[in-house]
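What follows is the content of coords.tsv, which has TSV, C-alpha atoms:
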```
chain	number	residue	atom	x	y	z
A	14	MET	CA	0.00	0.00	0.00
A	15	ALA	CA	2.64	2.46	1.12
A	16	LYS	CA	4.62	1.61	-1.97
A	17	GLN	CA	1.83	2.76	-4.22
A	18	TYR	CA	1.94	6.31	-2.80
A	19	LYS	CA	5.66	6.42	-3.19
A	20	THR	CA	5.58	5.31	-6.80
A	21	LEU	CA	2.89	7.80	-7.66
A	22	GLY	CA	4.74	10.58	-5.86
A	23	GLU	CA	7.89	9.84	-7.77
A	24	GLU	CA	6.08	9.56	-11.05
A	25	ILE	CA	4.43	12.95	-10.56
A	26	TRP	CA	7.72	14.54	-9.54
A	27	LYS	CA	9.44	13.18	-12.64
A	28	ASN	CA	6.81	13.79	-15.25
A	29	ARG	CA	4.15	16.22	-14.20
A	30	VAL	CA	6.03	18.97	-12.44
A	31	GLU	CA	7.92	21.99	-13.70
A	32	THR	CA	10.93	22.69	-11.59
A	33	ILE	CA	13.07	25.68	-10.74
A	34	SER	CA	16.35	26.01	-8.96
A	35	ALA	CA	15.76	25.41	-5.28
A	36	GLU	CA	18.14	28.20	-4.38
A	37	LEU	CA	15.88	30.94	-5.66
A	38	PHE	CA	13.00	29.54	-3.63
A	39	ILE	CA	15.12	29.10	-0.52
A	40	PHE	CA	16.61	32.58	-0.77
A	41	THR	CA	13.20	34.11	-1.31
A	42	TYR	CA	11.78	32.45	1.76
A	43	GLY	CA	14.83	33.31	3.81
A	44	SER	CA	14.85	36.92	2.74
A	45	LEU	CA	11.18	37.24	3.58
A	46	VAL	CA	11.70	35.77	7.05
A	47	THR	CA	14.55	38.22	7.60
A	48	GLN	CA	12.30	41.10	6.62
A	49	LEU	CA	9.54	39.98	8.98
A	50	VAL	CA	11.98	39.64	11.84
A	51	LYS	CA	13.21	43.17	11.17
A	52	ASP	CA	9.66	44.52	10.95
A	53	TYR	CA	8.07	42.91	13.96
A	54	GLU	CA	11.10	42.52	16.20
A	55	ASP	CA	9.17	39.80	17.95
A	56	TYR	CA	9.66	36.14	17.11
A	57	ASP	CA	6.24	35.01	18.31
A	58	GLN	CA	4.59	37.37	15.88
A	59	VAL	CA	6.90	36.27	13.09
A	60	ASN	CA	6.00	32.64	13.77
A	61	ALA	CA	2.32	33.53	13.64
A	62	HIS	CA	2.68	35.44	10.40
A	63	LEU	CA	4.66	32.67	8.77
A	64	GLU	CA	1.96	30.22	9.75
A	65	LYS	CA	-0.72	32.47	8.37
A	66	MET	CA	1.17	32.95	5.14
A	67	GLY	CA	1.56	29.20	4.89
A	68	TYR	CA	-2.16	28.80	5.41
A	69	ASN	CA	-2.90	31.11	2.49
A	70	ILE	CA	-0.43	29.19	0.36
A	71	GLY	CA	-1.98	25.87	1.39
A	72	VAL	CA	-5.44	27.01	0.39
A	73	ARG	CA	-4.20	27.47	-3.18
A	74	LEU	CA	-1.71	24.67	-3.18
A	75	ILE	CA	-4.30	21.96	-2.63
A	76	GLU	CA	-5.82	22.72	-6.04
A	77	ASP	CA	-2.49	22.20	-7.69
A	78	PHE	CA	-2.05	19.00	-5.72
A	79	LEU	CA	-5.43	17.59	-6.70
A	80	ALA	CA	-5.04	18.62	-10.32
A	81	ARG	CA	-1.63	17.04	-10.72
A	82	SER	CA	-2.12	13.93	-8.64
A	83	GLY	CA	-5.73	13.16	-9.49
A	84	TRP	CA	-5.98	11.65	-6.04
A	85	GLY	CA	-9.45	10.88	-4.73
A	86	ARG	CA	-10.82	10.59	-1.23
A	87	CYS	CA	-8.72	9.16	1.56
A	88	THR	CA	-10.37	6.60	3.78
A	89	ASP	CA	-8.90	7.76	7.07
A	90	PHE	CA	-6.45	10.18	8.63
A	91	ARG	CA	-3.65	7.64	8.45
A	92	GLU	CA	-4.01	7.41	4.72
A	93	THR	CA	-4.23	11.20	4.45
A	94	MET	CA	-0.91	11.62	6.18
A	95	GLU	CA	0.75	8.99	4.00
A	96	VAL	CA	-0.49	10.86	0.94
A	97	VAL	CA	0.65	14.20	2.37
A	98	SER	CA	4.14	12.87	2.91
A	99	LYS	CA	4.73	10.60	-0.06
A	100	ILE	CA	2.83	12.51	-2.71
A	101	GLY	CA	2.31	16.04	-1.34
A	102	PHE	CA	5.75	16.84	0.04
A	103	LYS	CA	7.34	14.82	-2.74
A	104	MET	CA	5.75	16.71	-5.59
A	105	PHE	CA	6.36	20.18	-4.16
A	106	LEU	CA	9.65	19.99	-2.31
A	107	ASN	CA	11.01	16.65	-3.48
A	108	ILE	CA	11.24	15.29	0.06
A	109	THR	CA	9.29	12.56	1.84
A	110	PRO	CA	9.02	13.11	5.57
A	111	THR	CA	8.58	10.03	7.72
A	112	VAL	CA	5.13	9.66	9.25
A	113	THR	CA	5.46	8.25	12.73
A	114	HIS	CA	4.56	8.50	16.43
A	115	TRP	CA	0.93	7.68	15.88
A	116	SER	CA	-1.26	8.18	18.90
A	117	ALA	CA	-3.39	5.25	20.04
A	118	ASP	CA	-6.57	6.70	18.57
A	119	SER	CA	-4.87	7.42	15.22
A	120	LYS	CA	-5.64	11.11	15.48
A	121	ALA	CA	-2.19	12.55	15.95
A	122	CYS	CA	1.14	11.83	14.41
A	123	SER	CA	4.48	13.39	13.62
A	124	LEU	CA	6.19	14.20	10.38
A	125	ILE	CA	9.93	13.83	10.68
A	126	LEU	CA	11.69	15.98	8.12
A	127	ASP	CA	14.97	14.23	7.43
A	128	GLU	CA	15.76	17.00	5.03
A	129	ASN	CA	14.12	20.34	4.61
A	130	PRO	CA	15.14	22.47	1.65
A	131	LEU	CA	14.01	25.63	3.44
A	132	ASN	CA	16.74	25.07	6.01
A	133	ASP	CA	19.57	25.00	3.49
A	134	PHE	CA	22.15	27.75	3.95
A	135	VAL	CA	20.37	28.87	7.11
A	136	GLU	CA	21.92	29.55	10.46
A	137	LEU	CA	19.88	31.24	13.13
A	138	PRO	CA	21.40	34.00	15.23
A	139	PRO	CA	21.72	32.93	18.90
A	140	GLU	CA	18.85	35.10	20.14
A	141	ALA	CA	16.49	33.53	17.62
A	142	GLN	CA	17.43	29.96	18.34
A	143	HIS	CA	14.91	29.38	21.07
A	144	LYS	CA	12.13	31.47	19.67
A	145	LEU	CA	11.89	31.33	15.91
A	146	TRP	CA	10.35	28.38	14.09
A	147	TYR	CA	12.02	29.14	10.82
A	148	SER	CA	9.97	26.80	8.63
A	149	ASN	CA	6.69	27.53	10.36
A	150	ALA	CA	5.07	28.24	6.99
A	151	LEU	CA	4.99	24.48	6.40
A	152	CYS	CA	2.58	24.06	9.33
A	153	GLY	CA	0.31	26.66	7.81
A	154	VAL	CA	0.44	24.94	4.45
A	155	LEU	CA	-0.69	21.67	6.02
A	156	ARG	CA	-3.52	23.40	7.87
A	157	GLY	CA	-4.67	25.38	4.84
A	158	ALA	CA	-4.48	22.54	2.37
A	159	LEU	CA	-6.27	20.02	4.59
A	160	GLU	CA	-8.95	22.52	5.50
A	161	MET	CA	-9.86	22.75	1.84
A	162	VAL	CA	-10.60	19.03	1.85
A	163	GLN	CA	-12.77	19.34	4.92
A	164	MET	CA	-10.26	18.36	7.55
A	165	GLN	CA	-9.38	20.65	10.38
A	166	VAL	CA	-5.95	19.91	11.74
A	167	GLU	CA	-3.49	21.50	14.10
A	168	ALA	CA	0.11	21.45	13.00
A	169	LYS	CA	3.10	22.70	14.92
A	170	PHE	CA	6.82	22.26	15.03
A	171	THR	CA	8.05	20.49	18.14
A	172	SER	CA	11.71	20.43	17.21
A	173	CYS	CA	13.90	21.84	14.49
A	174	VAL	CA	17.51	21.17	13.56
A	175	LEU	CA	18.13	24.90	13.23
A	176	ARG	CA	17.49	25.20	16.95
A	177	GLY	CA	20.09	22.57	17.66
A	178	ASP	CA	17.65	19.65	17.93
A	179	ASP	CA	18.54	16.30	16.41
A	180	ILE	CA	15.56	16.17	14.12
A	181	SER	CA	12.92	18.44	12.67
A	182	GLU	CA	9.49	17.31	13.68
A	183	ILE	CA	6.02	18.62	12.88
A	184	GLN	CA	3.23	17.37	15.05
A	185	VAL	CA	-0.08	17.05	13.25
A	186	LYS	CA	-3.30	16.61	15.17
A	187	PHE	CA	-6.62	15.82	13.57
A	188	VAL	CA	-9.36	17.99	15.06
A	189	ARG	CA	-12.57	17.27	13.17
A	190	HIS	CA	-14.21	16.85	9.82
A	191	LEU	CA	-15.70	20.08	8.57
A	192	GLN	CA	-19.20	20.01	7.22
A	193	GLU	CA	-19.58	20.78	3.58
A	194	GLU	CA	-21.46	24.02	3.39
A	195	VAL	CA	-24.72	23.65	1.58
A	196	PRO	CA	-25.89	26.79	-0.21
A	197	ASP	CA	-28.99	28.41	1.23
A	198	PRO	CA	-32.02	27.00	-0.65
A	199	ASP	CA	-33.74	30.40	-0.55
A	200	ASP	CA	-31.13	32.04	-2.74
B	6	MET	CA	48.51	-1.36	-12.37
B	7	SER	CA	48.72	2.30	-11.65
B	8	ILE	CA	46.29	2.94	-14.45
B	9	THR	CA	43.72	0.51	-13.10
B	10	SER	CA	43.98	1.94	-9.63
B	11	ALA	CA	43.62	5.40	-11.05
B	12	ILE	CA	40.50	4.32	-12.87
B	13	ASN	CA	39.17	2.74	-9.72
B	14	LEU	CA	39.86	5.84	-7.78
B	15	PHE	CA	38.16	7.89	-10.45
B	16	ARG	CA	35.16	5.62	-10.36
B	17	GLN	CA	34.97	5.93	-6.62
B	18	LEU	CA	35.16	9.65	-6.85
B	19	THR	CA	32.39	9.90	-9.41
B	20	VAL	CA	30.19	7.52	-7.47
B	21	ASP	CA	30.77	9.54	-4.34
B	22	GLU	CA	29.91	12.74	-6.09
B	23	SER	CA	26.68	11.44	-7.54
B	24	GLN	CA	25.71	10.11	-4.13
B	25	VAL	CA	26.37	13.46	-2.57
B	26	ALA	CA	24.30	15.17	-5.21
B	27	HIS	CA	21.56	12.65	-4.69
B	28	GLN	CA	21.52	12.63	-0.92
B	29	GLY	CA	22.36	16.27	-0.41
B	30	GLN	CA	19.86	19.04	-0.75
B	31	PRO	CA	17.45	18.63	-3.58
B	32	HIS	CA	18.57	21.14	-6.11
B	33	VAL	CA	15.21	21.81	-7.58
B	34	VAL	CA	11.73	22.31	-6.24
B	35	ASN	CA	8.32	22.53	-7.84
B	36	GLU	CA	7.84	25.86	-9.56
B	37	THR	CA	4.41	26.21	-7.99
B	38	CYS	CA	6.07	26.64	-4.58
B	39	LEU	CA	7.75	29.83	-5.69
B	40	ASP	CA	4.67	31.11	-7.50
B	41	LEU	CA	2.55	30.72	-4.41
B	42	LEU	CA	5.23	32.15	-2.17
B	43	LEU	CA	5.55	35.25	-4.34
B	44	ILE	CA	1.80	35.86	-4.24
B	45	GLU	CA	1.76	35.68	-0.48
B	46	MET	CA	5.01	37.55	0.02
B	47	VAL	CA	3.54	40.84	-1.15
B	48	GLN	CA	0.47	40.20	0.98
B	49	VAL	CA	2.44	39.47	4.13
B	50	LEU	CA	4.59	42.55	3.65
B	51	ARG	CA	1.49	44.65	3.10
B	52	THR	CA	0.14	43.42	6.43
B	53	SER	CA	3.46	44.14	7.98
B	54	VAL	CA	3.37	47.72	6.72
B	55	ALA	CA	-0.12	48.20	8.16
B	56	GLU	CA	0.70	46.62	11.50
B	57	THR	CA	4.16	47.87	12.25
B	58	SER	CA	4.47	51.23	10.57
B	59	PHE	CA	1.22	52.97	11.46
B	60	ALA	CA	-0.18	54.03	14.79
B	61	VAL	CA	-2.84	51.71	16.18
B	62	PRO	CA	-5.89	54.07	16.11
B	63	HIS	CA	-5.75	54.32	12.37
B	64	GLY	CA	-4.93	50.69	11.72
B	65	GLY	CA	-5.89	49.52	8.27
B	66	LEU	CA	-7.34	51.93	5.78
B	67	PRO	CA	-11.08	52.05	6.37
B	68	PRO	CA	-12.80	54.26	3.80
B	69	SER	CA	-16.08	54.17	5.76
B	70	ASP	CA	-14.81	56.63	8.39
B	71	SER	CA	-15.01	59.58	6.10
B	72	LEU	CA	-18.71	59.01	5.47
B	73	GLU	CA	-19.69	59.55	9.08
B	74	LEU	CA	-18.24	63.02	9.44
B	75	PRO	CA	-19.18	65.01	6.36
B	76	GLN	CA	-17.64	68.31	7.51
B	77	SER	CA	-14.17	66.86	7.94
B	78	SER	CA	-14.35	64.37	5.11
B	79	GLU	CA	-12.00	66.36	2.94
B	80	SER	CA	-9.20	66.43	5.44
B	81	THR	CA	-9.77	62.78	6.26
B	82	THR	CA	-9.48	61.74	2.65
B	83	ALA	CA	-6.46	63.93	2.26
B	84	ARG	CA	-4.89	62.28	5.26
B	85	SER	CA	-5.78	58.79	4.22
B	86	ASN	CA	-4.47	59.54	0.76
B	87	GLU	CA	-1.25	60.64	2.29
B	88	GLU	CA	-1.15	57.54	4.43
B	89	GLN	CA	-1.89	55.38	1.45
B	90	GLU	CA	0.98	56.96	-0.36
B	91	ARG	CA	3.25	56.37	2.56
B	92	ALA	CA	2.06	52.79	2.85
B	93	THR	CA	2.82	52.23	-0.82
B	94	GLU	CA	6.24	53.71	-0.36
B	95	LEU	CA	6.96	51.49	2.62
B	96	LEU	CA	5.70	48.46	0.77
B	97	TYR	CA	8.00	49.34	-2.09
B	98	TYR	CA	10.91	49.63	0.29
B	99	LYS	CA	10.25	46.27	1.90
B	100	VAL	CA	9.58	44.31	-1.28
B	101	GLU	CA	12.62	45.80	-2.95
B	102	ARG	CA	14.71	45.02	0.10
B	103	VAL	CA	13.66	41.38	0.08
B	104	GLY	CA	14.64	41.17	-3.57
B	105	PHE	CA	17.92	42.95	-2.91
B	106	ARG	CA	19.03	40.37	-0.38
B	107	ILE	CA	18.21	37.56	-2.78
B	108	GLY	CA	20.17	39.26	-5.54
B	109	GLN	CA	23.22	39.48	-3.33
B	110	ARG	CA	23.08	35.79	-2.59
B	111	LEU	CA	22.43	34.81	-6.19
B	112	ALA	CA	25.46	36.78	-7.29
B	113	GLU	CA	27.66	35.05	-4.75
B	114	ARG	CA	26.32	31.68	-5.71
B	115	TYR	CA	26.48	31.90	-9.47
B	116	ALA	CA	29.39	34.23	-10.11
B	117	LYS	CA	31.95	32.41	-8.04
B	118	ASP	CA	33.15	30.04	-10.75
B	119	ARG	CA	33.43	32.39	-13.62
B	120	PRO	CA	36.27	34.58	-14.74
B	121	ARG	CA	36.52	38.10	-13.38
B	122	PHE	CA	34.19	40.57	-15.02
B	123	THR	CA	35.85	43.01	-17.36
B	124	ASP	CA	33.38	45.89	-17.11
B	125	THR	CA	29.83	46.82	-16.19
B	126	LEU	CA	28.48	45.67	-19.53
B	127	ASP	CA	29.97	42.28	-18.81
B	128	ILE	CA	28.09	42.14	-15.51
B	129	VAL	CA	24.84	43.21	-17.11
B	130	LYS	CA	25.31	40.51	-19.74
B	131	PHE	CA	25.87	38.01	-16.94
B	132	ILE	CA	22.47	38.99	-15.52
B	133	CYS	CA	20.79	38.80	-18.92
B	134	LYS	CA	22.17	35.38	-19.70
B	135	ASP	CA	23.32	33.30	-16.75
B	136	ILE	CA	21.03	34.64	-14.06
B	137	TRP	CA	17.98	34.90	-16.29
B	138	ILE	CA	18.44	31.32	-17.47
B	139	LYS	CA	18.77	30.12	-13.89
B	140	LEU	CA	15.67	31.95	-12.79
B	141	PHE	CA	13.41	31.92	-15.81
B	142	HIS	CA	14.79	29.23	-18.15
B	143	LYS	CA	15.36	31.83	-20.86
B	144	GLN	CA	17.52	34.80	-21.69
B	145	VAL	CA	16.49	38.43	-21.67
B	146	ASP	CA	14.98	39.12	-25.08
B	147	ASN	CA	16.53	42.47	-25.69
B	148	LEU	CA	19.31	44.48	-24.10
B	149	LYS	CA	19.78	48.13	-24.97
B	150	THR	CA	22.31	50.59	-23.67
B	151	ASN	CA	23.28	54.20	-24.31
B	152	HIS	CA	26.88	53.37	-23.34
B	153	ARG	CA	26.66	56.00	-20.62
B	154	GLY	CA	25.44	53.92	-17.77
B	155	VAL	CA	21.83	53.20	-18.74
B	156	TYR	CA	20.76	49.69	-19.68
B	157	ILE	CA	17.33	48.46	-20.61
B	158	LEU	CA	16.50	44.79	-20.24
B	159	GLN	CA	13.40	43.69	-22.02
B	160	ASP	CA	11.65	40.41	-21.46
B	161	ASN	CA	8.69	39.74	-23.70
B	162	LYS	CA	7.28	36.97	-21.59
B	163	PHE	CA	8.33	37.69	-18.07
B	164	ARG	CA	7.71	34.49	-16.18
B	165	TRP	CA	6.36	36.03	-13.00
B	166	LEU	CA	3.76	37.96	-14.97
B	167	LEU	CA	2.65	35.15	-17.23
B	168	ARG	CA	-0.39	34.14	-15.25
B	169	MET	CA	-1.52	37.56	-14.18
B	170	SER	CA	-4.67	39.13	-15.44
B	171	GLY	CA	-7.26	41.58	-14.26
B	172	SER	CA	-10.95	42.10	-14.62
B	173	GLU	CA	-10.64	45.76	-15.56
B	174	GLY	CA	-8.35	45.68	-18.54
B	175	VAL	CA	-4.64	45.56	-19.08
B	176	ALA	CA	-3.85	49.04	-17.73
B	177	HIS	CA	-5.50	48.33	-14.40
B	178	ALA	CA	-3.90	44.89	-14.17
B	179	THR	CA	-0.51	46.41	-14.89
B	180	GLN	CA	-0.98	48.84	-12.04
B	181	GLN	CA	-1.98	46.02	-9.72
B	182	ALA	CA	1.06	44.03	-10.76
B	183	ALA	CA	3.49	46.80	-9.78
B	184	PRO	CA	4.52	45.42	-6.37
B	185	TYR	CA	5.38	42.12	-7.99
B	186	LEU	CA	7.83	43.96	-10.26
B	187	TRP	CA	9.57	45.86	-7.48
B	188	PHE	CA	10.78	42.49	-6.35
B	189	PRO	CA	12.83	41.63	-9.47
B	190	CYS	CA	14.08	45.24	-9.48
B	191	GLY	CA	15.52	44.55	-6.06
B	192	VAL	CA	17.01	41.29	-7.23
B	193	ILE	CA	18.81	42.99	-10.12
B	194	ARG	CA	20.07	45.80	-7.90
B	195	GLY	CA	21.28	43.23	-5.35
B	196	ILE	CA	23.26	41.32	-7.94
B	197	LEU	CA	24.89	44.49	-9.24
B	198	ALA	CA	25.64	45.74	-5.75
B	199	ASN	CA	27.32	42.51	-4.80
B	200	LEU	CA	29.50	42.72	-7.88
B	201	GLY	CA	30.53	46.25	-6.96
B	202	VAL	CA	28.18	48.34	-9.04
B	203	ASP	CA	25.95	50.89	-7.39
B	204	SER	CA	22.78	51.30	-9.41
B	205	THR	CA	19.15	52.33	-9.52
B	206	VAL	CA	16.76	49.85	-11.05
B	207	SER	CA	13.24	50.68	-12.09
B	208	VAL	CA	10.50	49.27	-14.23
B	209	LYS	CA	10.60	51.04	-17.55
B	210	GLU	CA	7.36	49.82	-18.99
B	211	THR	CA	5.02	46.95	-18.61
B	212	ASN	CA	2.44	45.51	-20.87
B	213	LEU	CA	1.56	42.19	-19.34
B	214	PRO	CA	3.32	39.84	-19.67
B	215	GLN	CA	5.99	41.94	-21.34
B	216	CYS	CA	8.20	43.97	-19.13
B	217	ALA	CA	11.32	46.13	-19.30
B	218	PHE	CA	13.72	47.02	-16.52
B	219	GLN	CA	15.94	50.05	-16.57
B	220	ILE	CA	19.30	49.95	-14.86
B	221	LYS	CA	20.97	53.25	-14.20
B	222	ILE	CA	24.54	52.94	-13.02
B	223	ASN	CA	25.35	55.48	-10.33
B	224	ARG	CA	28.94	54.60	-9.81
B	225	ALA	CA	30.93	51.68	-11.05
B	226	VAL	CA	33.78	50.50	-8.90
```
Output the file's structure in the form of structure tokens.
Amino acid sequence: MAKQYKTLGEEIWKNRVETISAELFIFTYGSLVTQLVKDYEDYDQVNAHLEKMGYNIGVRLIEDFLARSGWGRCTDFRETMEVVSKIGFKMFLNITPTVTHWSADSKACSLILDENPLNDFVELPPEAQHKLWYSNALCGVLRGALEMVQMQVEAKFTSCVLRGDDISEIQVKFVRHLQEEVPDPDD
Amino acid sequence: MSITSAINLFRQLTVDESQVAHQGQPHVVNETCLDLLLIEMVQVLRTSVAETSFAVPHGGLPPSDSLELPQSSESTTARSNEEQERATELLYYKVERVGFRIGQRLAERYAKDRPRFTDTLDIVKFICKDIWIKLFHKQVDNLKTNHRGVYILQDNKFRWLLRMSGSEGVAHATQQAAPYLWFPCGVIRGILANLGVDSTVSVKETNLPQCAFQIKINRAV
């Protein structure tokens, strides 16, 4: 089963995706984070804004994902996360985070980012090391993209190699299924 | 024997290198990532301008205020116009700045393995060819210069404008697209600055998706 996602992810990456040099993307993100840090002078606010920006990206990104992958409905949250990792992350960033640490009720898990292109060339200044979640936009992307397929999730970084941790880990928690909004019959 | 060992060594080296390239950072990402990031970048910076550069009582730019007080509406509009202008200016500064930093890094990254530049024209050509190909998979379509420090780079299908359109005609759309063009202006200025050329870069003309940048050299080192 897991193999099928991986094959599809790789196939999409190879054949259905236009690529650009990662450096431009990495530099753009980095330069934007720098600007936000300068503007707000407060790392909590920067984290929040990165998450929000990610959310807005996710809302659009899901369309691209569905269009390119042609993937249908997932049966459960476990399958969703496998798809997110092996197809989603693969086709956009060319990485496949490991999905692990499942909770007993299958409603929470962790994505371990063995590699994260956003982190390349990055070194945090000492005062930012305990406050800034540099790649926080990724959490927002997950939240935004999944919300568009009627799943409300909470995503947050629990560790990051830029902070000196051994691994980068995003914790994803399933909150609830959102109801599809039915248009008002009176209209 | 020495030849075989040399070949073996060579083989090892090449294998190692390909492994490094494979395991190391992925050198490419999906283009959509950058497209989406650029859309949101301007938005985030706009929020940042509104939240960090203006006093709290007049947060945002609500046009409804002026309706409630007819006698002072003129001064209010004048003030909000002024504020709007200032907000635009600040947005310009921030977007350009973000681009500038990227330009500096791009120059360091891509110019390190090439021979020393002979003159400013050489540097501008480097931007038109090498950098443009790296960023947009194509060269600049047309480069003009007056040989006195002004260069015009014209791209007939500027990649970042390709998918832009507006509901109120091309002129309106072009105006809306302006912040997205300050960004490449910053990038170009950043590259030049890092290679020792102080310049002013502006958008000469746009006609979606065609676009021309003007580089004015202030002082070449």
Open item on the list: Tell me which residues come within 10 Å of (11.0, 46.1, 0.8), as a PyMOL selection string, counting only C-alpha atoms in the file's coordinates.
Closed with: (chain A and resi 45+48) or (chain B and resi 47+50-51+54+94-106+184+187-188+191)
Task: Residue among A:Asp127, A:Glu92, A:Asp118, A:Asp57 lying closest to chain B, counting only C-alpha atoms - done: A:Asp127
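Closest approach to chain B among A:Ala141, A:Leu21, A:Val59, A:Ile70: A:Ile70, based on all atoms listed in the file.
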Task: Point-to-point distance in Å for atom CA of Ile44 of chain B and atom CA of Arg91 of chain B - done: 21.7 Å
Open item on the list: With only C-alpha atoms considered, list every residue of chain A at most 9 Å from chain B, as an MDAnalysis selection string.
Closed with: chainID A and resid 26 30:38 40:45 47:49 52:53 62:63 65:67 69:71 73:74 77 104:108 128:130 133
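Close contacts of Arg29 of chain A, defined as residues with an atom at most 8 Å away when counting only C-alpha atoms, with chain neighbours fewer than 4 positions off set aside, comprise Glu24, Ile25 and Arg81 of chain A.
Residue neighbourhood of segment 176-178 of chain A, excluding near-sequence residues (fewer than 3 positions): Asn132, Val135, Glu136, Leu137, Pro138, Pro139, Glu140, Ala141, Gln142, His143, Lys144, Leu145, Trp146, Tyr147, Ser148, Phe170, Thr171, Ser172, Cys173, Ser181 and Glu182 of chain A, at 12 Å, using only C-alpha atoms.
One distance worth recording is that between atom CA of Val72 of chain A and atom CA of Val166 of chain A, which is 13.4 Å.
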Task: Distance query Asp127 of chain B at most 12 Å, only C-alpha atoms, self and fewer than 5 positions along chain excluded, as a PyMOL selection string - done: chain B and resi 116+119-122+132-135+156+197+200+202
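Rounded to one decimal, atom CA of Asp55 of chain A and atom CA of Glu88 of chain B lie 24.6 Å from each other.
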Open item on the list: Just want the 9 Å neighbourhood of Leu213 of chain B, counted on all atoms listed in the file, with same-chain residues fewer than 2 positions away dropped. Output as a ChimeraX atom specification.
Closed with: /B:161-163,166-167,169-170,175-176,178-179,182,211,215-216
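Of the listed residues B:Gln159, B:Ser172, B:Gln181, B:Thr93, the one whose atoms come nearest to Val208 of chain B is B:Gln159, with distances taken using all atoms listed in the file.
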TODO: Go through A:Leu126, A:Ala150, A:Leu159, A:Ala168 and flag the residue nearest Thr113 of chain A, using only C-alpha atoms for the distances.
DONE: A:Leu126
What box, with edges along x, y and z, holds each listed atom of segment 98-104 of chain A when 8 Å is added on every side, and can you state its centre and edge lengths in Å to one decimal, as AutoDock Vina command-line options?
```
--center_x 4.8 --center_y 13.7 --center_z -1.3 --size_x 21.0 --size_y 22.2 --size_z 24.5
```
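Closest approach to Glu113 of chain B among B:Ile136, B:Asn147, B:Arg168, B:Thr125: B:Ile136, based on only C-alpha atoms.
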